[in-house]
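Next comes upload35.csv, a file with CSV, C-alpha atoms and all ligand atoms.
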```csv
chain,number,residue,atom,x,y,z
A,270,MET,CA,0.6,-21.0,21.5
A,271,ILE,CA,-1.0,-19.3,18.5
A,272,LYS,CA,-0.7,-21.2,15.2
A,273,ALA,CA,-0.2,-19.3,11.9
A,274,ALA,CA,0.2,-20.2,8.3
A,275,ILE,CA,2.2,-18.5,5.5
A,276,MET,CA,0.8,-18.6,2.0
A,277,GLY,CA,3.7,-18.0,-0.5
A,278,TYR,CA,7.3,-18.8,0.3
A,279,GLY,CA,8.9,-16.2,-2.0
A,280,THR,CA,11.0,-13.2,-1.0
A,281,VAL,CA,8.5,-11.8,1.5
A,282,GLY,CA,7.2,-15.2,2.7
A,283,SER,CA,10.7,-16.4,3.6
A,284,GLY,CA,11.3,-13.0,5.3
A,285,VAL,CA,8.1,-13.5,7.4
A,286,TYR,CA,9.3,-16.9,8.4
A,287,GLU,CA,12.7,-15.5,9.3
A,288,VAL,CA,11.3,-12.6,11.3
A,289,LEU,CA,8.9,-14.9,13.2
A,290,THR,CA,11.7,-17.4,14.1
A,291,SER,CA,14.6,-14.9,14.7
A,292,ASN,CA,12.5,-12.6,16.8
A,293,ALA,CA,10.2,-15.3,18.4
A,294,GLY,CA,11.1,-14.3,21.9
A,295,VAL,CA,10.3,-10.6,21.7
A,296,ILE,CA,7.2,-11.3,19.6
A,297,ALA,CA,5.9,-13.8,22.2
A,298,GLU,CA,6.4,-11.2,25.0
A,299,ARG,CA,4.4,-8.7,23.0
A,300,VAL,CA,1.6,-11.1,22.1
A,301,GLY,CA,1.6,-12.8,25.5
A,302,GLU,CA,1.9,-16.2,23.7
A,303,GLU,CA,4.2,-17.8,21.2
A,304,ILE,CA,3.4,-17.8,17.5
A,305,GLU,CA,4.2,-21.0,15.7
A,306,VAL,CA,4.2,-21.3,11.9
A,307,LYS,CA,2.3,-24.6,11.5
A,308,TYR,CA,2.2,-24.5,7.7
A,309,VAL,CA,3.9,-22.8,4.7
A,310,LEU,CA,1.9,-23.1,1.5
A,311,ASP,CA,3.8,-23.1,-1.8
A,312,LEU,CA,3.6,-25.1,-5.0
A,313,ARG,CA,7.4,-25.6,-5.0
A,314,GLU,CA,9.6,-27.9,-2.9
A,315,PHE,CA,12.4,-26.5,-0.7
A,316,PRO,CA,14.7,-29.4,0.1
A,317,GLY,CA,17.0,-28.7,3.0
A,318,ASP,CA,15.1,-25.4,3.9
A,319,PRO,CA,13.9,-25.1,7.5
A,320,VAL,CA,10.3,-24.9,6.2
A,321,GLU,CA,10.5,-28.3,4.5
A,322,LYS,CA,8.8,-30.0,7.5
A,323,VAL,CA,5.8,-27.6,7.5
A,324,LEU,CA,5.5,-27.2,3.7
A,325,VAL,CA,2.1,-28.0,2.3
A,326,HIS,CA,0.8,-27.8,-1.3
A,327,ASP,CA,-2.9,-27.9,-0.7
A,328,VAL,CA,-4.5,-24.7,0.7
A,329,ASN,CA,-7.4,-26.7,2.2
A,330,VAL,CA,-4.9,-28.1,4.8
A,331,ILE,CA,-4.7,-24.6,6.2
A,332,MET,CA,-8.3,-23.6,5.7
A,333,ASP,CA,-9.7,-26.9,7.3
A,334,ASP,CA,-7.4,-26.7,10.4
A,335,PRO,CA,-9.3,-24.9,13.2
A,336,GLU,CA,-6.0,-24.4,15.0
A,337,ILE,CA,-4.8,-21.9,12.4
A,338,LYS,CA,-5.9,-18.5,13.7
A,339,VAL,CA,-3.8,-16.2,11.5
A,340,VAL,CA,-3.0,-16.5,7.8
A,341,VAL,CA,-0.2,-14.5,6.1
A,342,GLU,CA,-0.9,-14.0,2.4
A,343,VAL,CA,2.3,-13.0,0.5
A,344,MET,CA,1.7,-14.7,-2.8
A,345,GLY,CA,0.9,-11.5,-4.7
A,346,GLY,CA,-1.6,-11.0,-7.5
A,347,LEU,CA,-5.3,-11.6,-7.4
A,348,LYS,CA,-5.5,-15.2,-8.4
A,349,PRO,CA,-5.7,-17.3,-6.3
A,350,ALA,CA,-4.9,-14.9,-3.4
A,351,TYR,CA,-8.4,-13.3,-3.4
A,352,ASP,CA,-10.2,-16.6,-3.1
A,353,PHE,CA,-7.7,-17.9,-0.5
A,354,VAL,CA,-8.1,-14.7,1.7
A,355,LYS,CA,-11.9,-14.8,1.4
A,356,THR,CA,-12.0,-18.4,2.5
A,357,ALA,CA,-9.7,-17.8,5.4
A,358,LEU,CA,-11.8,-14.8,6.6
A,359,LEU,CA,-15.1,-16.7,6.2
A,360,LYS,CA,-13.6,-19.3,8.5
A,361,GLY,CA,-12.8,-16.6,11.1
A,362,LYS,CA,-9.1,-16.6,10.5
A,363,SER,CA,-7.4,-13.2,10.5
A,364,VAL,CA,-5.3,-12.3,7.5
A,365,ALA,CA,-2.1,-10.2,7.1
A,366,THR,CA,-1.1,-9.4,3.6
A,367,SER,CA,1.5,-7.4,1.7
A,368,ASN,CA,-0.5,-7.7,-1.6
A,369,LYS,CA,-1.3,-4.2,-2.8
A,370,GLU,CA,-3.2,-5.4,-5.9
A,371,LEU,CA,-5.5,-7.4,-3.6
A,372,VAL,CA,-6.0,-4.6,-1.1
A,373,ALA,CA,-6.5,-1.8,-3.8
A,374,LYS,CA,-9.1,-4.0,-5.6
A,375,HIS,CA,-10.9,-5.7,-2.8
A,376,GLY,CA,-9.9,-4.0,0.4
A,377,ALA,CA,-13.3,-2.6,1.4
A,378,GLU,CA,-15.0,-6.0,0.8
A,379,LEU,CA,-12.4,-8.0,2.7
A,380,ILE,CA,-12.6,-5.6,5.7
A,381,GLU,CA,-16.3,-6.1,5.7
A,382,LEU,CA,-16.0,-9.8,5.5
A,383,ALA,CA,-13.4,-9.9,8.3
A,384,LYS,CA,-15.8,-7.9,10.5
A,385,ALA,CA,-18.7,-10.3,9.8
A,386,ASN,CA,-16.5,-13.2,10.9
A,387,LYS,CA,-14.9,-11.7,14.0
A,388,ALA,CA,-11.5,-11.7,12.3
A,389,SER,CA,-9.1,-8.9,11.0
A,390,PHE,CA,-7.9,-8.1,7.6
A,391,LEU,CA,-4.6,-6.2,7.9
A,392,PHE,CA,-2.3,-4.8,5.2
A,393,GLU,CA,0.4,-2.6,6.6
A,394,ALA,CA,3.0,-4.0,4.2
A,395,SER,CA,0.9,-3.2,1.1
A,396,VAL,CA,2.2,0.4,1.0
A,397,GLY,CA,5.7,1.6,1.8
A,398,GLY,CA,7.1,-1.9,2.6
A,399,GLY,CA,8.5,-1.6,6.2
A,400,ILE,CA,7.3,2.0,6.7
A,401,PRO,CA,4.4,2.3,9.2
A,402,ILE,CA,1.9,4.3,7.2
A,403,ILE,CA,-1.4,2.4,7.2
A,404,ARG,CA,-1.7,2.2,11.0
A,405,PRO,CA,-0.7,5.9,11.6
A,406,LEU,CA,-3.4,6.9,9.1
A,407,LEU,CA,-6.0,4.8,10.8
A,408,THR,CA,-5.1,5.3,14.4
A,409,SER,CA,-3.0,8.5,14.8
A,410,VAL,CA,-4.1,11.2,12.4
A,411,THR,CA,-7.7,10.7,13.3
A,412,ALA,CA,-8.3,14.2,14.5
A,413,ASP,CA,-7.6,15.7,11.1
A,414,HIS,CA,-8.9,16.0,7.6
A,415,ILE,CA,-6.1,14.7,5.4
A,416,VAL,CA,-5.7,17.3,2.7
A,417,GLU,CA,-2.7,15.9,0.9
A,418,ILE,CA,-0.7,12.7,0.5
A,419,SER,CA,2.3,12.7,-1.8
A,420,GLY,CA,4.7,9.8,-1.8
A,421,ILE,CA,7.6,8.2,-3.4
A,422,LEU,CA,5.8,4.8,-3.3
A,423,ASN,CA,7.9,2.7,-5.6
A,424,GLY,CA,11.5,1.7,-4.7
A,425,THR,CA,12.5,0.4,-8.1
A,426,THR,CA,11.6,3.6,-10.0
A,427,ASN,CA,13.2,5.7,-7.3
A,428,TYR,CA,16.4,3.7,-7.6
A,429,ILE,CA,16.4,4.2,-11.4
A,430,LEU,CA,15.8,7.9,-11.2
A,431,THR,CA,18.4,8.3,-8.5
A,432,ALA,CA,21.0,6.4,-10.5
A,433,MET,CA,20.2,8.3,-13.7
A,434,SER,CA,20.8,11.5,-11.7
A,435,GLU,CA,23.9,10.5,-9.8
A,436,GLU,CA,25.7,8.4,-12.3
A,437,GLY,CA,24.5,10.2,-15.4
A,438,ALA,CA,23.5,6.7,-16.8
A,439,ASP,CA,20.7,6.3,-19.3
A,440,TYR,CA,17.3,4.7,-18.4
A,441,ASP,CA,18.0,1.3,-20.1
A,442,THR,CA,21.4,0.9,-18.5
A,443,VAL,CA,20.1,1.7,-15.0
A,444,LEU,CA,17.0,-0.5,-15.5
A,445,LYS,CA,19.3,-3.5,-16.3
A,446,GLN,CA,21.4,-2.6,-13.2
A,447,ALA,CA,18.2,-2.6,-11.1
A,448,GLN,CA,17.2,-6.0,-12.5
A,449,ASP,CA,20.6,-7.5,-11.9
A,450,LEU,CA,20.5,-6.2,-8.2
A,451,GLY,CA,17.1,-7.8,-7.8
A,452,TYR,CA,15.2,-4.6,-7.3
A,453,ALA,CA,13.3,-4.6,-10.6
A,454,GLU,CA,11.4,-7.5,-11.9
A,455,ARG,CA,12.4,-9.1,-15.2
A,456,ASN,CA,9.1,-7.6,-16.4
A,457,PRO,CA,9.4,-4.2,-14.9
A,458,GLU,CA,6.1,-2.8,-16.4
A,459,ALA,CA,4.2,-2.5,-13.1
A,460,ASP,CA,7.0,-0.4,-11.5
A,461,VAL,CA,8.1,1.7,-14.4
A,462,GLU,CA,4.7,2.5,-15.8
A,463,GLY,CA,3.5,3.6,-12.4
A,464,TYR,CA,0.9,0.8,-11.9
A,465,ASP,CA,2.4,-0.3,-8.5
A,466,ALA,CA,2.4,3.3,-7.2
A,467,CYS,CA,-1.1,3.8,-8.5
A,468,ARG,CA,-2.4,0.9,-6.4
A,469,LYS,CA,-0.6,2.3,-3.3
A,470,ILE,CA,-1.9,5.8,-3.6
A,471,ALA,CA,-5.4,4.3,-4.2
A,472,ILE,CA,-5.1,2.5,-0.9
A,473,LEU,CA,-3.8,5.5,1.1
A,474,THR,CA,-6.4,7.8,-0.4
A,475,SER,CA,-9.2,5.3,0.4
A,476,LEU,CA,-8.0,5.1,4.0
A,477,ALA,CA,-7.7,8.9,4.3
A,478,LEU,CA,-11.3,9.3,3.1
A,479,GLY,CA,-12.7,6.1,4.5
A,480,LYS,CA,-14.3,5.4,1.1
A,481,GLN,CA,-13.3,3.5,-2.0
A,482,VAL,CA,-11.0,5.2,-4.5
A,483,ASP,CA,-10.8,2.9,-7.6
A,484,PHE,CA,-7.2,2.7,-8.8
A,485,GLU,CA,-8.6,2.4,-12.4
A,486,ASP,CA,-9.8,6.0,-12.1
A,487,ILE,CA,-6.3,7.4,-11.2
A,488,TYR,CA,-4.4,9.1,-13.9
A,489,THR,CA,-1.1,7.2,-14.1
A,490,GLU,CA,2.1,8.1,-15.9
A,491,GLY,CA,5.4,6.2,-15.4
A,492,ILE,CA,9.0,7.1,-15.9
A,493,THR,CA,9.8,5.5,-19.3
A,494,ALA,CA,9.8,8.9,-21.1
A,495,ILE,CA,12.3,10.5,-18.7
A,496,ASP,CA,15.6,11.1,-20.6
A,497,GLY,CA,19.1,12.4,-19.8
A,498,SER,CA,18.1,16.0,-20.8
A,499,ASP,CA,15.2,16.0,-18.3
A,500,ILE,CA,17.7,14.9,-15.6
A,501,ALA,CA,20.1,17.7,-16.7
A,502,TYR,CA,17.3,20.3,-16.5
A,503,ALA,CA,16.3,19.1,-13.0
A,504,LYS,CA,19.9,19.5,-11.9
A,505,ALA,CA,20.1,22.9,-13.4
A,506,LEU,CA,17.0,23.9,-11.5
A,507,GLY,CA,18.5,22.5,-8.3
A,508,GLY,CA,15.9,19.7,-8.1
A,509,ARG,CA,15.3,16.1,-8.8
A,510,ILE,CA,12.8,14.2,-10.8
A,511,LYS,CA,10.6,11.9,-8.6
A,512,LEU,CA,7.8,9.6,-9.4
A,513,LEU,CA,5.0,10.6,-7.1
A,514,GLY,CA,1.7,9.2,-6.1
A,515,LEU,CA,-0.3,12.3,-5.2
A,516,SER,CA,-3.7,13.0,-3.8
A,517,ARG,CA,-5.1,16.4,-2.9
A,518,MET,CA,-8.3,16.5,-0.9
A,519,ASP,CA,-10.5,19.6,-0.5
A,520,GLY,CA,-14.0,18.8,0.6
A,521,ASP,CA,-15.7,16.9,-2.2
A,522,ARG,CA,-12.8,17.5,-4.6
A,523,VAL,CA,-10.3,14.7,-4.7
A,524,CYS,CA,-7.5,14.8,-7.2
A,525,SER,CA,-5.4,11.7,-7.5
A,526,MET,CA,-2.5,10.8,-9.8
A,527,VAL,CA,0.8,9.1,-10.4
A,528,ALA,CA,3.4,11.0,-12.4
A,529,PRO,CA,7.0,12.2,-12.4
A,530,PHE,CA,7.5,15.6,-10.8
A,531,MET,CA,10.3,18.1,-10.6
A,532,VAL,CA,10.9,18.3,-6.9
A,533,PRO,CA,13.0,21.2,-5.4
A,534,ALA,CA,15.6,20.7,-2.7
A,535,ASP,CA,13.5,22.3,0.0
A,536,GLN,CA,10.7,19.7,-0.4
A,537,PRO,CA,11.2,16.7,2.0
A,538,LEU,CA,10.7,14.1,-0.8
A,539,TYR,CA,13.8,15.5,-2.6
A,540,ALA,CA,16.0,13.7,0.0
A,541,VAL,CA,14.4,10.3,-0.5
A,542,ASN,CA,16.8,8.5,-2.8
A,543,GLY,CA,17.7,5.0,-4.0
A,544,VAL,CA,15.3,2.2,-3.1
A,545,PHE,CA,13.9,4.2,-0.2
A,546,ASN,CA,10.3,5.4,-0.1
A,547,GLY,CA,9.0,8.5,1.5
A,548,ILE,CA,5.4,9.5,2.2
A,549,PHE,CA,4.4,13.1,2.9
A,550,VAL,CA,1.0,13.6,4.6
A,551,LYS,CA,-0.6,16.9,5.4
A,552,GLY,CA,-3.4,17.2,7.9
A,553,ASN,CA,-5.5,20.3,8.3
A,554,MET,CA,-4.6,20.5,12.0
A,555,VAL,CA,-1.3,18.6,12.4
A,556,GLY,CA,0.3,20.1,9.3
A,557,ASP,CA,3.1,18.3,7.6
A,558,LEU,CA,4.1,14.7,8.4
A,559,MET,CA,6.8,12.7,6.7
A,560,PHE,CA,7.2,8.9,6.8
A,561,TYR,CA,10.5,7.5,5.5
A,562,GLY,CA,12.1,4.1,5.2
A,563,SER,CA,12.7,0.9,3.2
A,564,GLY,CA,9.8,0.7,0.8
A,565,ALA,CA,10.6,-2.7,-0.5
A,566,GLY,CA,12.9,-5.7,0.3
A,567,LYS,CA,12.5,-9.0,2.2
A,568,LEU,CA,13.0,-8.1,5.8
A,569,PRO,CA,11.5,-4.6,6.0
A,570,THR,CA,8.3,-5.8,4.2
A,571,ALA,CA,8.3,-9.0,6.4
A,572,SER,CA,8.6,-6.8,9.5
A,573,ALA,CA,5.5,-4.9,8.6
A,574,VAL,CA,3.6,-8.2,7.8
A,575,VAL,CA,4.7,-9.7,11.2
A,576,GLY,CA,3.6,-6.5,12.9
A,577,ASP,CA,0.1,-7.2,11.6
A,578,VAL,CA,0.4,-10.8,12.7
A,579,VAL,CA,1.2,-9.6,16.2
A,580,GLU,CA,-1.8,-7.3,16.2
A,581,ALA,CA,-4.1,-10.0,14.9
A,582,ALA,CA,-2.8,-12.5,17.5
A,583,LYS,CA,-3.4,-9.9,20.3
A,584,THR,CA,-7.0,-9.4,19.2
A,585,LEU,CA,-8.1,-12.9,18.3
A,586,GLY,CA,-11.9,-13.3,18.2
A,587,THR,CA,-12.4,-9.6,17.5
A,588,THR,CA,-11.9,-7.3,14.6
A,589,VAL,CA,-9.3,-4.6,14.3
A,590,PRO,CA,-11.5,-1.7,13.1
A,591,ILE,CA,-10.7,-0.1,9.7
A,592,GLU,CA,-12.8,2.6,8.2
A,593,TRP,CA,-13.0,1.9,4.5
A,594,SER,CA,-16.5,1.6,3.0
A,595,LYS,CA,-17.4,0.4,-0.5
A,596,GLU,CA,-18.9,3.9,-1.2
A,597,LYS,CA,-17.1,5.1,-4.3
A,598,VAL,CA,-15.2,8.4,-4.4
A,599,GLU,CA,-15.7,10.3,-7.7
A,600,LEU,CA,-12.3,11.8,-8.5
A,601,THR,CA,-12.1,15.4,-9.8
A,602,PRO,CA,-11.2,15.3,-13.5
A,603,MET,CA,-7.5,15.6,-14.2
A,604,LYS,CA,-8.0,18.7,-16.3
A,605,GLU,CA,-8.9,20.6,-13.1
A,606,PHE,CA,-5.6,19.6,-11.4
A,607,THR,CA,-3.3,22.7,-11.1
A,608,CYS,CA,0.5,22.9,-10.9
A,609,ARG,CA,3.4,24.5,-12.7
A,610,PHE,CA,4.7,22.6,-15.7
A,611,PHE,CA,8.3,22.2,-16.8
A,612,VAL,CA,8.2,22.1,-20.6
A,613,ARG,CA,10.6,21.4,-23.5
A,614,VAL,CA,9.6,22.5,-27.0
A,615,LYS,CA,11.1,23.0,-30.4
A,616,GLU,CA,10.2,26.7,-30.7
A,617,ASP,CA,12.0,29.6,-29.3
A,618,GLU,CA,11.3,31.9,-26.3
A,619,GLN,CA,9.4,34.4,-28.3
A,620,ALA,CA,7.0,31.8,-29.7
A,621,VAL,CA,6.5,30.3,-26.2
A,622,LYS,CA,5.8,33.6,-24.6
A,623,LYS,CA,3.1,34.3,-27.2
A,624,VAL,CA,1.3,31.2,-26.0
A,625,PHE,CA,2.1,30.9,-22.3
A,626,GLY,CA,2.7,34.6,-21.4
A,627,ASN,CA,4.9,34.8,-18.3
A,628,ILE,CA,7.4,31.9,-18.2
A,629,GLU,CA,10.7,31.1,-16.5
A,630,PRO,CA,13.4,29.9,-19.0
A,631,VAL,CA,15.5,27.0,-17.9
A,632,SER,CA,18.8,26.0,-19.5
A,633,ALA,CA,21.0,22.9,-18.9
A,634,GLU,CA,24.6,22.3,-19.8
A,635,GLY,CA,24.9,20.2,-23.0
A,636,VAL,CA,21.3,20.4,-24.1
A,637,THR,CA,20.8,22.4,-27.3
A,638,GLY,CA,18.3,22.8,-30.1
A,639,GLU,CA,15.3,23.3,-27.9
A,640,PHE,CA,13.8,25.7,-25.4
A,641,ALA,CA,12.8,24.7,-21.9
A,642,PHE,CA,10.8,26.7,-19.4
A,643,LEU,CA,8.5,26.6,-16.3
A,644,THR,CA,5.0,27.8,-16.7
A,645,GLU,CA,3.1,29.7,-14.1
A,646,GLU,CA,0.6,27.6,-12.1
A,647,MET,CA,-2.2,26.5,-14.3
A,648,SER,CA,-4.8,23.8,-14.8
A,649,GLU,CA,-4.0,20.6,-16.8
A,650,GLY,CA,-6.9,21.5,-19.1
A,651,ASP,CA,-5.4,25.0,-19.7
A,652,PHE,CA,-2.0,23.5,-20.3
A,653,ASP,CA,-3.3,20.9,-22.7
A,654,GLU,CA,-5.1,23.6,-24.8
A,655,LYS,CA,-2.1,26.0,-24.8
A,656,ILE,CA,0.5,23.4,-25.7
A,657,LYS,CA,-1.4,22.5,-28.9
A,658,GLY,CA,0.1,25.5,-30.5
A,659,LEU,CA,3.7,24.3,-29.9
A,660,SER,CA,5.8,21.3,-30.7
A,661,LEU,CA,6.1,19.5,-27.4
A,662,ILE,CA,9.2,17.5,-26.7
A,663,HIS,CA,8.4,16.6,-23.0
A,664,ARG,CA,6.6,18.1,-20.1
A,665,ILE,CA,6.9,17.2,-16.4
A,666,ARG,CA,4.7,18.5,-13.6
A,667,SER,CA,6.6,20.7,-11.2
A,668,TYR,CA,6.7,21.6,-7.5
A,669,PHE,CA,9.0,24.5,-8.2
B,701,LIG,N1,8.1,-3.4,-6.8
B,701,LIG,C1,7.9,-2.7,-5.6
B,701,LIG,C2,8.8,-1.5,-5.4
B,701,LIG,C3,8.0,-3.6,-4.4
B,701,LIG,O1,9.8,-1.4,-6.2
B,701,LIG,O2,8.6,-0.6,-4.6
B,701,LIG,C4,7.3,-3.1,-3.1
B,701,LIG,O3,5.9,-2.9,-3.3
```

I'd like the structure from this file rewritten - as structure tokens, please.
Amino acid sequence: MIKAAIMGYGTVGSGVYEVLTSNAGVIAERVGEEIEVKYVLDLREFPGDPVEKVLVHDVNVIMDDPEIKVVVEVMGGLKPAYDFVKTALLKGKSVATSNKELVAKHGAELIELAKANKASFLFEASVGGGIPIIRPLLTSVTADHIVEISGILNGTTNYILTAMSEEGADYDTVLKQAQDLGYAERNPEADVEGYDACRKIAILTSLALGKQVDFEDIYTEGITAIDGSDIAYAKALGGRIKLLGLSRMDGDRVCSMVAPFMVPADQPLYAVNGVFNGIFVKGNMVGDLMFYGSGAGKLPTASAVVGDVVEAAKTLGTTVPIEWSKEKVELTPMKEFTCRFFVRVKEDEQAVKKVFGNIEPVSAEGVTGEFAFLTEEMSEGDFDEKIKGLSLIHRIRSYF
């Protein structure tokens, strides 16, 4: 019998307990031993809940119990999760976490600490919820240079953009709907401003390169400026607007960003709708790969966490190897990123052509009093210079 502890009994924590108990038989077969949840740590009480009998409020009960071999951290945030995880690893306990803030900020250090203490630090659920993406990057696509990762990495914003497109509802109405359905937090800033996706693309890019990509260095733009007219133009183009976490890697040049993109129907991410996530990975040998599934939610996320618990339990006393050093990657400045831009301005076609030369006009039903167009492929720096001569309403990067 392997004893585990869960730190945090919120949505994901209760899901982890449910998966470990509902699927106890098949998990025991795979591990070769049963896994018992000996403790659940939370500040709150849960009268009548099955975890009542194993609930503890003092983390030291877990840390000081040598029987506990695997610790699940699903509290979220950095404090006190970072200290708790460090203590667990120092005591040789393996850790499985869904905490993208923790992994993006301290991943390299915690991997090193785990190795020094013959334990593992595993974080499949930190990106893409239930979608296996961390393990495939680490153990499957190892023959390749990863040259691009682009993903719909946030379920809340994808839900909002999908509903704006399908129901024609405005941003505020859909956000409220998403909050009522429990997808979006009461304070939705981390999702709608792109901070959540930023941490996730930082993790994926760090793993693809085996080095540290600081999320603070990643240009991040959310979806709050997207309006009904943008959605109408996307439809007129035959595309959709998606919030993407994107990294392009070409030798020493690494461009990384989070921003809304116009995505055409022939791009695989176009079909990723609602709360689903999709992650497109391009290797220089394997070509295009696509990972799709539930990027958030109790049981999908818990499934990924428990998958890590299973791996940790099968490899007790050793370290599951993860290549992610503390060596920092210097990102290529954003002004060198190139793409086409979808642009809305107050001037007319003539004035736009004088500045941008060859352009592709775009018109959408019901949108008047402005001129919209797609530029040719150009650098961000070039675009920023050119647009100074016009009255910009909005611009969205484009895969068209
Ligand atoms: N808030 C996140 C999302 C949860 O909407 O995708 C999963 O990380």

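Nearest to ligand LIG 701 (chain B) of all the residues A:Gly420, A:Pro349, A:Gly437, A:Gly277 is A:Gly420, based on only C-alpha atoms and all ligand atoms.
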
Fill in: Separation of atom CA of A:Ile418 from atom CA of A:Val281 in Å
26.2 Å

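Between atom CA of A:Phe315 and atom CA of A:Tyr278 the separation is 9.3 Å.
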
Discussion item. So that I can check the surroundings of A:Tyr464, please list as a PyMOL selection string every protein, DNA and RNA residue that reaches within 12 Å of it, counting all atoms listed in the file and ignoring chain neighbours fewer than 5 positions away.
Written reply: chain A and resi 369-370+373+422-423+426+457-459+469-471+484-492+512-514+526-528

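Among the candidates A:Lys362, A:Arg313, A:Lys307, A:Lys387, the residue lying nearest to A:Gly586 is A:Lys387 (atoms considered: all atoms listed in the file).
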
Fill in: Protein and nucleic residues near ligand LIG 701 (chain B), 10 Å, all atoms listed in the file, as a ChimeraX atom specification
/A:281,367-370,394-399,421-428,447,451-454,457-461,464-466,468-469,544-546,563-567,570

Protein, DNA and RNA residues within 6 Å of (13.8, 23.8, -23.6), only C-alpha atoms, as a PDB file with C-alpha atoms, in the frame of the given file:
```pdb
ATOM      1  CA  ARG A 613      10.600  21.400 -23.500  1.00  0.00           C
ATOM      2  CA  VAL A 614       9.600  22.500 -27.000  1.00  0.00           C
ATOM      3  CA  GLU A 639      15.300  23.300 -27.900  1.00  0.00           C
ATOM      4  CA  PHE A 640      13.800  25.700 -25.400  1.00  0.00           C
ATOM      5  CA  ALA A 641      12.800  24.700 -21.900  1.00  0.00           C
ATOM      6  CA  PHE A 642      10.800  26.700 -19.400  1.00  0.00           C
TER       7      PHE A 642
END
```

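Take the candidates A:Val330, A:Val323, A:Leu359, A:Leu382 and check each one against A:Pro590 using all atoms listed in the file; the shortest distance goes to A:Leu382.
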
Worksheet entry | Residue nearest A:Met433 - candidates A:Leu478, A:Val410, A:Ala501, A:Val624, atoms counted: all atoms listed in the file | A:Ala501

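When atom CA of A:Val598 is paired with atom CA of A:Leu473, their separation reads 13.0 Å.
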
Worksheet item: Which polymer residues have any atom within 9 Å of an atom of stretch 646-649 of chain A, counting all atoms listed in the file, with same-chain residues fewer than 6 positions away left out, as a PyMOL selection string?
Response: chain A and resi 603-610

Worksheet item: If you count all atoms listed in the file, which residues fall within 7 Å of A:Asn553, apart from same-chain ones fewer than 5 positions away, as JSON, numbers by chain?
Response: {"A": [413, 414, 415, 416]}

Item to complete: Please identify all polymer residues within 8 Å of stretch 575-585 of chain A, counting all atoms listed in the file, omitting same-chain residues fewer than 4 positions from it, and present them as a ChimeraX atom specification.
Response: /A:271,285,288-289,296,299-301,338-339,341,363-365,388-389,391-393,571,589

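Residues lying within 10 Å of A:Ser434, counting only C-alpha atoms and ignoring same-chain neighbours fewer than 6 positions away, are A:Tyr428, A:Gly497, A:Asp499, A:Ile500, A:Ala501, A:Ala503, A:Lys504, A:Arg509, A:Ile510.
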
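Take the candidates A:Gly650, A:Gly479, A:Gly658, A:Pro602 and check each one against A:Leu407 using all atoms listed in the file; the shortest distance goes to A:Gly479.
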
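Closest approach to A:Gly520 from the set A:Asp535, A:Glu417, A:Glu342, A:Glu629 is made by A:Glu417, with distances taken over only C-alpha atoms.
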